[in-house]
>>> print(open('entry-v5.csv').read())   # CSV, C-alpha atoms and all ligand atoms
chain,number,residue,atom,x,y,z
A,54,MET,CA,365.7,181.8,56.8
A,55,ILE,CA,367.8,180.8,53.9
A,56,SER,CA,366.9,182.8,50.8
A,57,HIS,CA,367.5,181.1,47.5
A,58,HIS,CA,364.9,182.8,45.5
A,59,THR,CA,365.7,181.6,42.1
A,60,SER,CA,364.4,181.4,38.6
A,61,ILE,CA,365.7,178.7,36.3
A,62,PRO,CA,365.7,179.7,32.6
A,63,PRO,CA,363.1,177.9,30.6
A,64,ALA,CA,363.9,174.7,28.8
A,65,SER,CA,363.9,174.3,25.0
A,66,THR,CA,363.5,171.2,22.9
A,67,ASP,CA,366.7,171.5,20.9
A,68,GLY,CA,368.5,168.2,20.8
A,69,ASP,CA,368.1,165.3,23.1
A,70,ALA,CA,371.1,165.7,25.4
A,71,VAL,CA,371.4,167.6,28.7
A,72,THR,CA,374.8,167.9,30.3
A,73,VAL,CA,375.3,167.9,34.1
A,74,ARG,CA,378.3,170.1,34.4
A,75,LEU,CA,380.5,168.9,37.2
A,76,GLY,CA,384.0,169.5,35.8
A,77,ARG,CA,385.7,166.2,35.2
A,78,ARG,CA,382.7,164.3,36.4
A,79,SER,CA,380.3,166.0,33.9
A,80,TYR,CA,377.9,163.6,32.2
A,81,PRO,CA,375.2,163.5,29.6
A,82,ILE,CA,371.6,162.8,30.0
A,83,ARG,CA,370.4,161.4,26.7
A,84,ILE,CA,366.7,161.6,26.1
A,85,ALA,CA,365.2,160.1,23.0
A,86,PRO,CA,362.3,157.8,22.1
A,87,GLY,CA,363.7,154.4,21.0
A,88,LEU,CA,367.0,154.9,22.8
A,89,LEU,CA,367.0,151.7,24.8
A,90,PRO,CA,368.0,149.4,21.9
A,91,ARG,CA,370.9,151.8,21.1
A,92,VAL,CA,372.4,152.3,24.5
A,93,GLY,CA,375.3,149.9,23.7
A,94,GLN,CA,376.6,152.4,21.1
A,95,ALA,CA,375.4,155.5,23.0
A,96,ALA,CA,377.4,154.5,26.2
A,97,GLY,CA,380.7,154.4,24.2
A,98,LEU,CA,381.7,151.5,26.4
A,99,ASP,CA,385.1,149.9,26.0
A,100,PRO,CA,384.9,146.5,24.2
A,101,THR,CA,386.4,144.8,27.3
A,102,SER,CA,383.8,146.3,29.7
A,103,LYS,CA,382.3,144.1,32.3
A,104,ILE,CA,378.8,145.1,33.1
A,105,ALA,CA,376.5,144.3,36.0
A,106,VAL,CA,372.9,145.1,35.1
A,107,VAL,CA,370.8,145.6,38.3
A,108,SER,CA,367.0,145.5,37.8
A,109,ASP,CA,363.8,144.5,39.5
A,110,LYS,CA,361.7,141.5,38.6
A,111,ASN,CA,358.9,143.5,36.9
A,112,VAL,CA,361.2,145.7,34.8
A,113,ALA,CA,363.5,142.8,34.0
A,114,GLY,CA,360.5,140.8,32.7
A,115,ILE,CA,359.8,143.5,30.1
A,116,TYR,CA,363.1,145.2,29.3
A,117,LEU,CA,366.1,143.0,30.3
A,118,ASP,CA,366.3,141.0,27.1
A,119,ARG,CA,366.1,144.2,25.0
A,120,LEU,CA,369.0,145.8,27.1
A,121,LYS,CA,371.1,142.6,26.8
A,122,LYS,CA,370.6,142.7,23.1
A,123,ALA,CA,371.8,146.3,23.1
A,124,LEU,CA,374.8,145.2,25.0
A,125,ARG,CA,375.7,142.2,22.9
A,126,GLY,CA,379.5,141.7,22.7
A,127,PHE,CA,380.1,142.8,26.3
A,128,ARG,CA,380.4,140.6,29.3
A,129,VAL,CA,377.1,141.1,31.1
A,130,GLU,CA,375.8,139.6,34.3
A,131,THR,CA,372.3,140.4,35.7
A,132,PHE,CA,371.2,140.9,39.2
A,133,VAL,CA,367.5,141.0,39.7
A,134,VAL,CA,365.9,142.1,43.0
A,135,PRO,CA,362.3,141.9,44.1
A,136,PRO,CA,360.2,145.0,43.1
A,137,GLY,CA,359.2,147.5,45.8
A,138,GLU,CA,360.8,149.9,48.3
A,139,LYS,CA,361.6,147.0,50.7
A,140,SER,CA,364.5,146.0,48.4
A,141,LYS,CA,366.3,149.2,49.3
A,142,SER,CA,367.7,147.3,52.2
A,143,ILE,CA,371.0,146.2,53.8
A,144,PRO,CA,370.4,142.5,52.9
A,145,ARG,CA,369.8,143.3,49.2
A,146,LEU,CA,372.9,145.6,49.2
A,147,VAL,CA,375.1,142.8,50.7
A,148,GLU,CA,373.7,140.4,48.1
A,149,LEU,CA,374.8,142.8,45.3
A,150,TRP,CA,378.3,143.3,46.8
A,151,ASN,CA,378.7,139.5,47.2
A,152,GLY,CA,377.3,138.9,43.7
A,153,PHE,CA,379.7,141.3,42.1
A,154,LEU,CA,382.6,139.5,44.0
A,155,THR,CA,381.4,136.0,43.0
A,156,LYS,CA,381.2,137.1,39.4
A,157,ARG,CA,384.8,138.4,39.7
A,158,PHE,CA,384.0,142.0,39.0
A,159,GLY,CA,386.6,144.5,39.9
A,160,ARG,CA,387.2,148.2,39.8
A,161,ASP,CA,386.9,148.3,36.1
A,162,MET,CA,383.2,147.2,36.1
A,163,THR,CA,380.2,149.2,35.1
A,164,VAL,CA,376.9,149.0,37.0
A,165,ILE,CA,373.8,149.7,34.9
A,166,ALA,CA,370.7,150.5,36.9
A,167,LEU,CA,367.7,149.5,34.9
A,168,GLY,CA,364.5,150.4,36.7
A,169,GLY,CA,362.7,153.0,38.8
A,170,GLY,CA,363.9,155.0,41.8
A,171,MET,CA,364.4,151.9,44.1
A,172,VAL,CA,366.7,150.2,41.6
A,173,GLY,CA,368.6,153.4,40.8
A,174,ASP,CA,369.2,154.2,44.5
A,175,LEU,CA,370.1,150.6,45.5
A,176,ALA,CA,372.3,149.9,42.4
A,177,GLY,CA,373.7,153.4,42.7
A,178,PHE,CA,374.7,152.8,46.3
A,179,ALA,CA,376.2,149.4,45.5
A,180,ALA,CA,378.3,151.2,42.7
A,181,ALA,CA,379.3,154.0,45.1
A,182,THR,CA,380.7,151.6,47.6
A,183,PHE,CA,381.9,148.4,45.9
A,184,MET,CA,385.7,148.6,45.7
A,185,ARG,CA,385.3,152.2,46.9
A,186,GLY,CA,383.3,153.2,43.9
A,187,VAL,CA,382.8,151.9,40.3
A,188,ARG,CA,381.2,153.3,37.1
A,189,LEU,CA,377.4,153.7,37.1
A,190,ILE,CA,375.0,154.2,34.2
A,191,GLN,CA,371.4,155.0,35.0
A,192,ILE,CA,368.6,153.8,32.7
A,193,PRO,CA,365.4,154.9,34.5
A,194,THR,CA,362.2,153.2,33.5
A,195,THR,CA,359.6,155.2,35.5
A,196,LEU,CA,358.7,158.8,35.0
A,197,LEU,CA,359.7,159.7,38.5
A,198,ALA,CA,363.2,158.2,38.0
A,199,MET,CA,363.5,159.9,34.6
A,200,VAL,CA,362.8,163.4,35.9
A,201,ASP,CA,364.4,163.2,39.3
A,202,SER,CA,366.1,160.2,41.0
A,203,SER,CA,368.4,159.0,38.2
A,204,VAL,CA,370.0,162.5,37.9
A,205,GLY,CA,372.2,164.1,40.4
A,206,GLY,CA,374.1,161.3,42.1
A,207,LYS,CA,372.0,160.7,45.2
A,208,THR,CA,372.1,157.0,46.1
A,209,ALA,CA,370.8,155.4,49.3
A,210,ILE,CA,369.2,152.5,51.1
A,211,ASP,CA,366.5,152.7,53.8
A,212,LEU,CA,366.8,151.7,57.5
A,213,ASP,CA,363.9,150.7,59.7
A,214,GLY,CA,364.0,154.2,61.1
A,215,GLY,CA,363.4,155.9,57.8
A,216,LYS,CA,364.0,156.3,54.1
A,217,ASN,CA,367.3,157.1,52.5
A,218,LEU,CA,369.1,157.2,55.8
A,219,VAL,CA,372.3,155.6,54.5
A,220,GLY,CA,373.7,156.7,51.2
A,221,ALA,CA,376.3,158.5,49.2
A,222,PHE,CA,376.7,161.0,46.4
A,223,HIS,CA,377.9,159.0,43.4
A,224,GLN,CA,377.3,160.7,40.0
A,225,PRO,CA,376.6,158.4,37.1
A,226,ALA,CA,378.7,158.4,34.0
A,227,ALA,CA,375.6,158.8,31.9
A,228,VAL,CA,371.8,158.7,32.1
A,229,PHE,CA,369.8,157.2,29.2
A,230,ILE,CA,366.1,157.9,29.0
A,231,ASP,CA,363.8,156.3,26.5
A,232,PRO,CA,360.3,157.8,27.0
A,233,THR,CA,358.7,155.0,25.0
A,234,VAL,CA,359.2,152.6,27.9
A,235,LEU,CA,356.6,154.6,29.9
A,236,ALA,CA,354.0,152.9,27.7
A,237,THR,CA,354.3,149.8,29.9
A,238,LEU,CA,354.4,151.7,33.2
A,239,PRO,CA,351.3,151.1,35.4
A,240,PRO,CA,349.0,154.2,35.1
A,241,ARG,CA,349.3,154.8,38.9
A,242,GLN,CA,353.1,155.0,38.7
A,243,TYR,CA,352.8,157.3,35.7
A,244,ARG,CA,350.6,159.7,37.5
A,245,ALA,CA,352.9,159.6,40.5
A,246,GLY,CA,355.7,160.7,38.2
A,247,LEU,CA,353.5,163.5,36.9
A,248,GLY,CA,353.3,164.7,40.6
A,249,GLU,CA,357.1,165.3,40.5
A,250,VAL,CA,356.8,167.1,37.1
A,251,VAL,CA,354.2,169.5,38.5
A,252,LYS,CA,356.7,170.0,41.4
A,253,TYR,CA,359.4,171.3,39.0
A,254,ALA,CA,357.0,173.5,37.1
A,255,ALA,CA,355.3,175.0,40.1
A,256,ALA,CA,358.4,175.7,42.1
A,257,LEU,CA,361.0,176.4,39.3
A,258,ASP,CA,359.7,176.9,35.8
A,259,LYS,CA,356.7,179.0,34.9
A,260,ASN,CA,357.0,178.2,31.1
A,261,LEU,CA,357.0,174.5,31.9
A,262,PHE,CA,353.9,175.1,34.0
A,263,ILE,CA,352.1,176.8,31.1
A,264,ARG,CA,353.2,174.0,28.7
A,265,LEU,CA,351.7,171.4,31.1
A,266,GLU,CA,348.5,173.4,31.2
A,267,ARG,CA,348.3,173.5,27.5
A,268,ARG,CA,349.3,169.9,26.8
A,269,SER,CA,347.6,168.1,29.7
A,270,GLU,CA,345.6,166.0,27.3
A,271,ALA,CA,348.6,164.8,25.4
A,272,LEU,CA,350.4,164.1,28.7
A,273,ASN,CA,347.4,162.1,29.9
A,274,GLY,CA,347.7,160.1,26.7
A,275,CYS,CA,351.5,159.4,27.3
A,276,ASP,CA,352.4,161.2,24.0
A,277,PRO,CA,356.1,160.6,23.4
A,278,GLU,CA,356.7,164.0,21.9
A,279,ILE,CA,355.4,166.0,24.9
A,280,LEU,CA,357.0,163.5,27.3
A,281,THR,CA,360.4,164.0,25.7
A,282,TYR,CA,359.9,167.8,26.0
A,283,VAL,CA,358.8,167.5,29.7
A,284,ILE,CA,361.5,165.1,30.7
A,285,THR,CA,364.1,167.3,29.0
A,286,ALA,CA,362.8,170.4,30.8
A,287,CYS,CA,362.9,168.7,34.2
A,288,CYS,CA,366.4,167.2,33.6
A,289,ARG,CA,367.6,170.6,32.5
A,290,ILE,CA,366.3,172.3,35.7
A,291,LYS,CA,367.8,169.5,37.8
A,292,SER,CA,371.1,169.5,36.1
A,293,ARG,CA,371.5,173.2,36.6
A,294,ILE,CA,370.8,173.0,40.3
A,295,VAL,CA,373.0,169.9,40.8
A,296,ALA,CA,375.9,171.7,39.0
A,297,ARG,CA,375.6,174.6,41.5
A,298,ASP,CA,374.9,172.6,44.7
A,299,GLU,CA,376.0,169.1,44.1
A,300,LEU,CA,376.2,168.1,47.7
A,301,ASP,CA,373.0,169.8,48.8
A,302,THR,CA,374.8,172.2,51.2
A,303,LEU,CA,373.8,175.6,49.8
A,304,GLY,CA,370.1,175.4,50.0
A,305,LEU,CA,369.7,175.5,46.3
A,306,ARG,CA,369.3,171.8,45.7
A,307,ALA,CA,366.8,171.9,48.5
A,308,LEU,CA,364.4,173.7,46.1
A,309,LEU,CA,364.0,170.3,44.4
A,310,ASN,CA,362.3,169.3,47.6
A,311,TYR,CA,359.2,171.4,47.0
A,312,GLY,CA,356.3,169.6,48.7
A,313,HIS,CA,358.7,167.0,50.3
A,314,THR,CA,358.5,168.1,53.9
A,315,PHE,CA,354.8,167.3,54.0
A,316,ALA,CA,355.3,164.4,51.6
A,317,HIS,CA,357.9,162.6,53.8
A,318,ALA,CA,355.7,163.0,56.8
A,319,TYR,CA,352.7,161.4,54.9
A,320,GLU,CA,354.9,158.6,53.7
A,321,THR,CA,356.1,157.9,57.2
A,322,ALA,CA,352.6,158.1,58.6
A,323,ASP,CA,351.6,155.7,55.9
A,324,ASP,CA,354.5,153.4,56.8
A,325,PHE,CA,355.6,153.5,53.1
A,326,ASP,CA,352.7,151.2,52.5
A,327,SER,CA,350.0,152.3,50.1
A,328,LEU,CA,351.1,155.8,49.1
A,329,LEU,CA,353.7,156.1,46.2
A,330,HIS,CA,356.4,158.7,46.6
A,331,GLY,CA,355.1,160.8,43.7
A,332,GLU,CA,351.6,160.7,45.2
A,333,ALA,CA,352.8,161.9,48.5
A,334,VAL,CA,354.6,164.7,46.7
A,335,THR,CA,351.4,165.8,45.0
A,336,LEU,CA,349.8,166.1,48.4
A,337,GLY,CA,352.8,167.9,49.6
A,338,VAL,CA,352.8,170.4,46.7
A,339,ILE,CA,349.2,171.2,47.5
A,340,ASP,CA,349.9,171.6,51.2
A,341,ALA,CA,353.0,173.8,50.6
A,342,LEU,CA,350.9,176.0,48.4
A,343,ARG,CA,348.2,176.2,51.1
A,344,LEU,CA,350.8,177.0,53.7
A,345,ALA,CA,352.2,179.9,51.5
A,346,GLU,CA,348.7,181.1,51.0
A,347,ARG,CA,348.2,181.3,54.8
A,348,LEU,CA,351.5,183.2,55.2
A,349,ARG,CA,350.4,185.8,52.6
A,350,GLU,CA,348.9,188.0,55.2
A,351,LYS,CA,352.0,187.9,57.4
A,352,ASP,CA,354.9,187.8,55.0
A,353,PRO,CA,355.3,190.0,51.9
A,354,ARG,CA,357.4,187.3,50.2
A,355,PHE,CA,354.2,185.3,49.7
A,356,ALA,CA,352.0,188.2,48.5
A,357,ALA,CA,351.6,186.6,45.1
A,358,ILE,CA,350.1,183.4,46.4
A,359,THR,CA,346.6,184.5,45.9
A,360,PRO,CA,343.5,182.2,46.0
A,361,LYS,CA,343.4,182.6,42.2
A,362,LEU,CA,347.0,181.3,41.8
A,363,VAL,CA,346.2,178.4,44.2
A,364,ASP,CA,343.1,177.5,42.1
A,365,ARG,CA,345.2,177.6,39.0
A,366,GLN,CA,347.7,175.2,40.4
A,367,LEU,CA,345.0,172.9,41.7
A,368,ALA,CA,343.3,173.0,38.3
A,369,LEU,CA,346.5,171.7,36.7
A,370,ILE,CA,346.9,168.9,39.3
A,371,ARG,CA,343.2,168.0,38.7
A,372,SER,CA,343.5,168.0,34.9
A,373,LEU,CA,346.4,165.6,35.1
A,374,GLY,CA,344.2,163.2,37.0
A,375,LEU,CA,346.4,163.4,40.1
A,376,ILE,CA,343.7,164.2,42.7
A,377,GLU,CA,341.3,161.5,41.6
A,378,GLN,CA,344.2,159.1,41.4
A,379,LEU,CA,345.2,159.8,44.9
A,380,GLY,CA,341.9,159.4,46.7
A,381,PRO,CA,343.7,161.3,49.6
A,382,GLU,CA,340.8,160.8,51.9
A,383,ARG,CA,341.6,157.1,51.9
A,384,HIS,CA,345.0,157.8,53.6
A,385,ALA,CA,344.5,160.9,55.6
A,386,GLY,CA,341.8,159.4,57.8
A,387,ARG,CA,344.4,157.2,59.4
A,388,TRP,CA,347.0,159.9,60.1
A,389,ASN,CA,347.5,161.9,63.2
A,390,LEU,CA,348.4,165.5,63.7
A,391,ARG,CA,351.0,165.0,66.4
A,392,PHE,CA,352.7,162.3,64.6
A,393,LEU,CA,352.9,164.4,61.4
A,394,MET,CA,354.3,167.4,63.3
A,395,GLY,CA,356.9,165.2,65.0
A,396,SER,CA,357.8,163.5,61.8
A,397,MET,CA,358.5,166.9,60.1
A,398,ARG,CA,360.7,168.0,62.9
A,399,ARG,CA,362.7,164.8,62.7
A,400,ASP,CA,363.1,165.0,59.0
A,401,LYS,CA,366.7,165.0,57.6
A,402,LYS,CA,366.0,168.5,56.2
A,403,SER,CA,365.0,170.1,59.5
A,404,VAL,CA,367.3,172.6,61.1
A,405,ALA,CA,367.7,172.8,64.9
A,406,GLY,CA,364.4,170.8,65.3
A,407,ARG,CA,362.4,173.1,63.1
A,408,ALA,CA,360.9,171.8,59.9
A,409,ARG,CA,362.2,173.4,56.8
A,410,PHE,CA,359.8,174.1,53.9
A,411,VAL,CA,360.2,175.0,50.3
A,412,LEU,CA,357.4,177.4,49.6
A,413,PRO,CA,356.2,179.1,46.4
A,414,THR,CA,356.6,182.8,46.1
A,415,GLU,CA,355.0,183.1,42.7
A,416,LEU,CA,354.4,180.7,39.8
A,417,GLY,CA,357.6,179.0,38.9
A,418,LYS,CA,359.6,180.5,41.9
A,419,SER,CA,360.2,179.2,45.4
A,420,THR,CA,362.2,179.7,48.5
A,421,VAL,CA,363.4,177.7,51.4
A,422,VAL,CA,361.9,178.8,54.8
A,423,SER,CA,362.8,177.4,58.2
A,424,GLN,CA,361.0,179.7,60.5
A,425,VAL,CA,357.3,178.8,59.9
A,426,ASP,CA,355.0,179.2,62.9
A,427,PRO,CA,354.0,175.6,63.8
A,428,GLU,CA,350.4,176.8,64.2
A,429,ASP,CA,350.2,177.6,60.5
A,430,VAL,CA,351.5,174.2,59.7
A,431,ARG,CA,349.0,172.6,62.0
A,432,GLN,CA,346.2,174.5,60.3
A,433,VAL,CA,347.2,173.1,56.9
A,434,LEU,CA,347.5,169.6,58.3
A,435,ARG,CA,344.1,169.9,60.0
A,436,ARG,CA,342.6,170.7,56.6
A,437,ARG,CA,344.4,167.6,55.1
A,438,LEU,CA,343.2,165.4,58.0
A,439,ALA,CA,339.6,166.7,57.8
A,440,ARG,CA,339.2,165.2,54.2
B,501,LIG,N1,365.4,164.6,44.7
B,501,LIG,C1,366.1,165.8,45.3
B,501,LIG,C2,367.5,165.8,44.9
B,501,LIG,O1,368.0,165.0,44.1
B,501,LIG,O2,368.2,166.6,45.5
>>> encode(input="entry-v5.csv", output="structure tokens")
Amino acid sequence: MISHHTSIPPASTDGDAVTVRLGRRSYPIRIAPGLLPRVGQAAGLDPTSKIAVVSDKNVAGIYLDRLKKALRGFRVETFVVPPGEKSKSIPRLVELWNGFLTKRFGRDMTVIALGGGMVGDLAGFAAATFMRGVRLIQIPTTLLAMVDSSVGGKTAIDLDGGKNLVGAFHQPAAVFIDPTVLATLPPRQYRAGLGEVVKYAAALDKNLFIRLERRSEALNGCDPEILTYVITACCRIKSRIVARDELDTLGLRALLNYGHTFAHAYETADDFDSLLHGEAVTLGVIDALRLAERLREKDPRFAAITPKLVDRQLALIRSLGLIEQLGPERHAGRWNLRFLMGSMRRDKKSVAGRARFVLPTELGKSTVVSQVDPEDVRQVLRRRLAR
């Protein structure tokens, strides 16, 4: 078992910038309502900068003109890919590489990823590899990308055999987050992002959890003030973890994967079809909690995971509309226990064929465990499949 029992200091609302401290590769995450029209100045780009904006059709339809206006005076070319996970593919990556070449971009170019997690990962990997790596700026437009995937430098594409199987660490030069763009995010995507927010709070930040409980109504109404607070809090947690375990080798960054062992198995069983990543994470957070509750009798580390604490966490998930949104029964009926168990063992995060779980030890704290009795996992899965 790797023990990285940790507690991340709570976030505050002072200012709108969080710094990811990585020495010479440190970068700011700027978070402010109304930031998108100002990114040209905020990025401090050289006047001769050549910029490739990568986006998807949906996001480009709403925000591309606004971004281009903000970048007036620079040489900007746009590359728009179809929306959806299927674009995180080898053919789309090759199209970007060739597109950059055709437009005569070189090592001095800047790639701007304008979109959700798919765009950030694909454009990020193109930036990581084109000419052995060029400058990248992330402008996330989904809640999930704002709180998680745009920060920390993980970039990837998918293979037929699974998600994110080919990728690179490539830290952005800056991340610009304008929470007001969430107003046009489809409600289902917004709720999926809230699943990742609950993940941070439950696993790493008790104060954030309490804030979510108190302000669930404002969050349900997409209030920009609470969203700015919440996104800042999540980025602050993530930036501290990335600064200490950039390459995900110490087991600390793994804490960001709370709920993800179950979540990835559900996404695989679902063939990445109808379940959004954040929705799978919500199911995974619930099931990791249930697994820790089962282990309470056997392992003193989980003594605090009482039925009362489990109910409290489920109540927050419910109050944010995540359970109703999911209709988990719809998915689980088609899943199969053996497949899910096998999928967890094959996960990138497994060690020597044993699934690795991030489990809660108390509210806002968690630990990585790789020695869980498969029978306990099966019991949790049986409960999920019985729904
Ligand atoms: N999303 C988990 C990580 O960035 O490490």
>>> axis_aligned_box(input="entry-v5.csv", around="ligand LIG 501 (chain B)", padding_each_side="3 Å", output="lines of an AutoDock Vina configuration file")
center_x = 366.8
center_y = 165.6
center_z = 44.8
size_x = 8.8
size_y = 8.0
size_z = 7.4
>>> closest_atom_pairs(input="entry-v5.csv", of="range 145-207 of chain A", to="range 106-130 of chain A", cutoff="9 Å", atoms="all atoms listed in the file", output="tab-separated table")
residue	atom	partner	partner_atom	distance
A:Leu149	CA	A:Val107	CA	8.5
A:Phe153	CA	A:Glu130	CA	8.9
A:Lys156	CA	A:Glu130	CA	7.8
A:Thr163	CA	A:Val106	CA	8.4
A:Val164	CA	A:Val106	CA	5.9
A:Ile165	CA	A:Val106	CA	4.7
A:Ala166	CA	A:Val107	CA	5.1
A:Leu167	CA	A:Ser108	CA	5.0
A:Gly168	CA	A:Ser108	CA	5.6
A:Gly169	CA	A:Val112	CA	8.5
A:Met171	CA	A:Asp109	CA	8.7
A:Val172	CA	A:Ser108	CA	6.1
A:Gly173	CA	A:Val107	CA	8.5
A:Leu175	CA	A:Val107	CA	8.8
A:Ala176	CA	A:Val107	CA	6.1
A:Thr194	CA	A:Val112	CA	7.7
>>> residues_near_ligand(input="entry-v5.csv", ligand="ligand LIG 501 (chain B)", cutoff="6 Å", atoms="only C-alpha atoms and all ligand atoms", output="number ranges by chain")
A: 201-202, 205, 207, 306, 309-310
>>> closest_residue(input="entry-v5.csv", among="A:Glu278, A:Glu148, A:Asp340, A:Asp301", to="Gln366 in chain A", atoms="all atoms listed in the file")
A:Asp340
>>> closest_residue(input="entry-v5.csv", among="A:Arg74, A:His317, A:Arg354, A:Lys418", to="Phe392 in chain A", atoms="only C-alpha atoms")
A:His317
>>> closest_atom_pairs(input="entry-v5.csv", of="range 245-304 of chain A", to="range 78-102 of chain A", cutoff="7 Å", atoms="all atoms listed in the file", output="Markdown table")
| residue | atom | partner | partner_atom | distance |
| --- | --- | --- | --- | --- |
| A:Pro277 | CA | A:Pro86 | CA | 6.9 |
| A:Thr281 | CA | A:Ala85 | CA | 6.7 |
| A:Thr285 | CA | A:Ile84 | CA | 6.9 |
>>> atom_distance(input="entry-v5.csv", atom1="CA of Ser142 in chain A", atom2="CA of Asp400 in chain A")
19.5 Å
>>> closest_residue(input="entry-v5.csv", among="A:Val421, A:Val363, A:Ala70, A:Val147", to="Asp231 in chain A", atoms="all atoms listed in the file")
A:Ala70
>>> closest_residue(input="entry-v5.csv", among="A:Met397, A:Leu75, A:Ile210, A:Leu197", to="Ser140 in chain A", atoms="all atoms listed in the file")
A:Ile210
>>> atom_distance(input="entry-v5.csv", atom1="CA of Arg267 in chain A", atom2="CA of Arg349 in chain A")
28.0 Å
>>> residues_around(input="entry-v5.csv", residues="Leu412 in chain A", least_positions_apart="5", cutoff="8 Å", atoms="only C-alpha atoms", output="PyMOL selection string")
chain A and resi 256+311-312+341-342+344-345+419-422
>>> atom_distance(input="entry-v5.csv", atom1="CA of Asn151 in chain A", atom2="CA of Phe183 in chain A")
9.5 Å
>>> closest_residue(input="entry-v5.csv", among="A:Lys351, A:Arg435, A:Arg387, A:Lys291", to="Ser327 in chain A", atoms="all atoms listed in the file")
A:Arg387
>>> closest_residue(input="entry-v5.csv", among="A:Leu265, A:Leu247, A:Val134, A:Ala296", to="Gly152 in chain A", atoms="only C-alpha atoms")
A:Val134
>>> residues_near_point(input="entry-v5.csv", point="(355.3, 164.6, 42.5)", cutoff="10 Å", atoms="only C-alpha atoms", output="number ranges by chain")
A: 197, 201, 244-253, 310-313, 316, 329-338, 370, 375
>>> residues_around(input="entry-v5.csv", residues="range 177-182 of chain A", least_positions_apart="3", cutoff="6 Å", atoms="all atoms listed in the file", output="mmCIF file with C-alpha atoms, in the frame of the given file")
data_model
loop_
_atom_site.group_PDB
_atom_site.id
_atom_site.type_symbol
_atom_site.label_atom_id
_atom_site.label_comp_id
_atom_site.auth_asym_id
_atom_site.auth_seq_id
_atom_site.Cartn_x
_atom_site.Cartn_y
_atom_site.Cartn_z
ATOM 1 C CA GLY A 173 368.600 153.400 40.800
ATOM 2 C CA ASP A 174 369.200 154.200 44.500
ATOM 3 C CA ARG A 185 385.300 152.200 46.900
ATOM 4 C CA GLY A 186 383.300 153.200 43.900
ATOM 5 C CA VAL A 187 382.800 151.900 40.300
ATOM 6 C CA THR A 208 372.100 157.000 46.100
ATOM 7 C CA ALA A 209 370.800 155.400 49.300
ATOM 8 C CA HIS A 223 377.900 159.000 43.400
#
>>> residues_around(input="entry-v5.csv", residues="Arg347 in chain A", least_positions_apart="3", cutoff="12 Å", atoms="all atoms listed in the file", output="list in words")
Asp340, Ala341, Leu342, Arg343, Leu344, Glu350, Lys351, Asp352, Pro353, Arg354, Phe355, Ala356, Ala357, Ile358, Thr359, Pro360, Val363, Leu412, Pro413, Val425, Asp426, Glu428, Asp429, Val430, Arg431, Gln432 and Val433 of chain A
>>> build_atoms(input="entry-v5.csv", residues="range 356-365 of chain A", atoms="N, CA, C and O atoms", output="mmCIF file, in the coordinates of the input")
data_model
loop_
_atom_site.group_PDB
_atom_site.id
_atom_site.type_symbol
_atom_site.label_atom_id
_atom_site.label_comp_id
_atom_site.auth_asym_id
_atom_site.auth_seq_id
_atom_site.Cartn_x
_atom_site.Cartn_y
_atom_site.Cartn_z
ATOM 1 N N ALA A 356 353.130 187.378 48.962
ATOM 2 C CA ALA A 356 352.000 188.200 48.500
ATOM 3 C C ALA A 356 351.360 187.728 47.247
ATOM 4 O O ALA A 356 350.164 187.915 47.025
ATOM 5 N N ALA A 357 352.151 187.065 46.395
ATOM 6 C CA ALA A 357 351.600 186.600 45.100
ATOM 7 C C ALA A 357 350.811 185.341 45.162
ATOM 8 O O ALA A 357 350.211 184.915 44.174
ATOM 9 N N ILE A 358 350.826 184.694 46.334
ATOM 10 C CA ILE A 358 350.100 183.400 46.400
ATOM 11 C C ILE A 358 348.650 183.657 46.758
ATOM 12 O O ILE A 358 348.186 183.453 47.886
ATOM 13 N N THR A 359 347.965 184.127 45.782
ATOM 14 C CA THR A 359 346.600 184.500 45.900
ATOM 15 C C THR A 359 345.665 183.270 45.753
ATOM 16 O O THR A 359 346.092 182.277 45.148
ATOM 17 N N PRO A 360 344.413 183.347 46.228
ATOM 18 C CA PRO A 360 343.500 182.200 46.000
ATOM 19 C C PRO A 360 343.393 181.877 44.514
ATOM 20 O O PRO A 360 343.265 180.701 44.149
ATOM 21 N N LYS A 361 343.504 182.885 43.640
ATOM 22 C CA LYS A 361 343.400 182.600 42.200
ATOM 23 C C LYS A 361 344.583 181.744 41.721
ATOM 24 O O LYS A 361 344.405 180.810 40.940
ATOM 25 N N LEU A 362 345.778 182.066 42.226
ATOM 26 C CA LEU A 362 347.000 181.300 41.800
ATOM 27 C C LEU A 362 346.854 179.849 42.391
ATOM 28 O O LEU A 362 347.203 178.878 41.726
ATOM 29 N N VAL A 363 346.362 179.773 43.620
ATOM 30 C CA VAL A 363 346.200 178.400 44.200
ATOM 31 C C VAL A 363 345.209 177.628 43.378
ATOM 32 O O VAL A 363 345.483 176.470 43.024
ATOM 33 N N ASP A 364 344.099 178.257 42.974
ATOM 34 C CA ASP A 364 343.100 177.500 42.100
ATOM 35 C C ASP A 364 343.705 177.098 40.825
ATOM 36 O O ASP A 364 343.425 176.002 40.339
ATOM 37 N N ARG A 365 344.547 177.951 40.246
ATOM 38 C CA ARG A 365 345.200 177.600 39.000
ATOM 39 C C ARG A 365 346.039 176.355 39.087
ATOM 40 O O ARG A 365 346.009 175.471 38.243
#
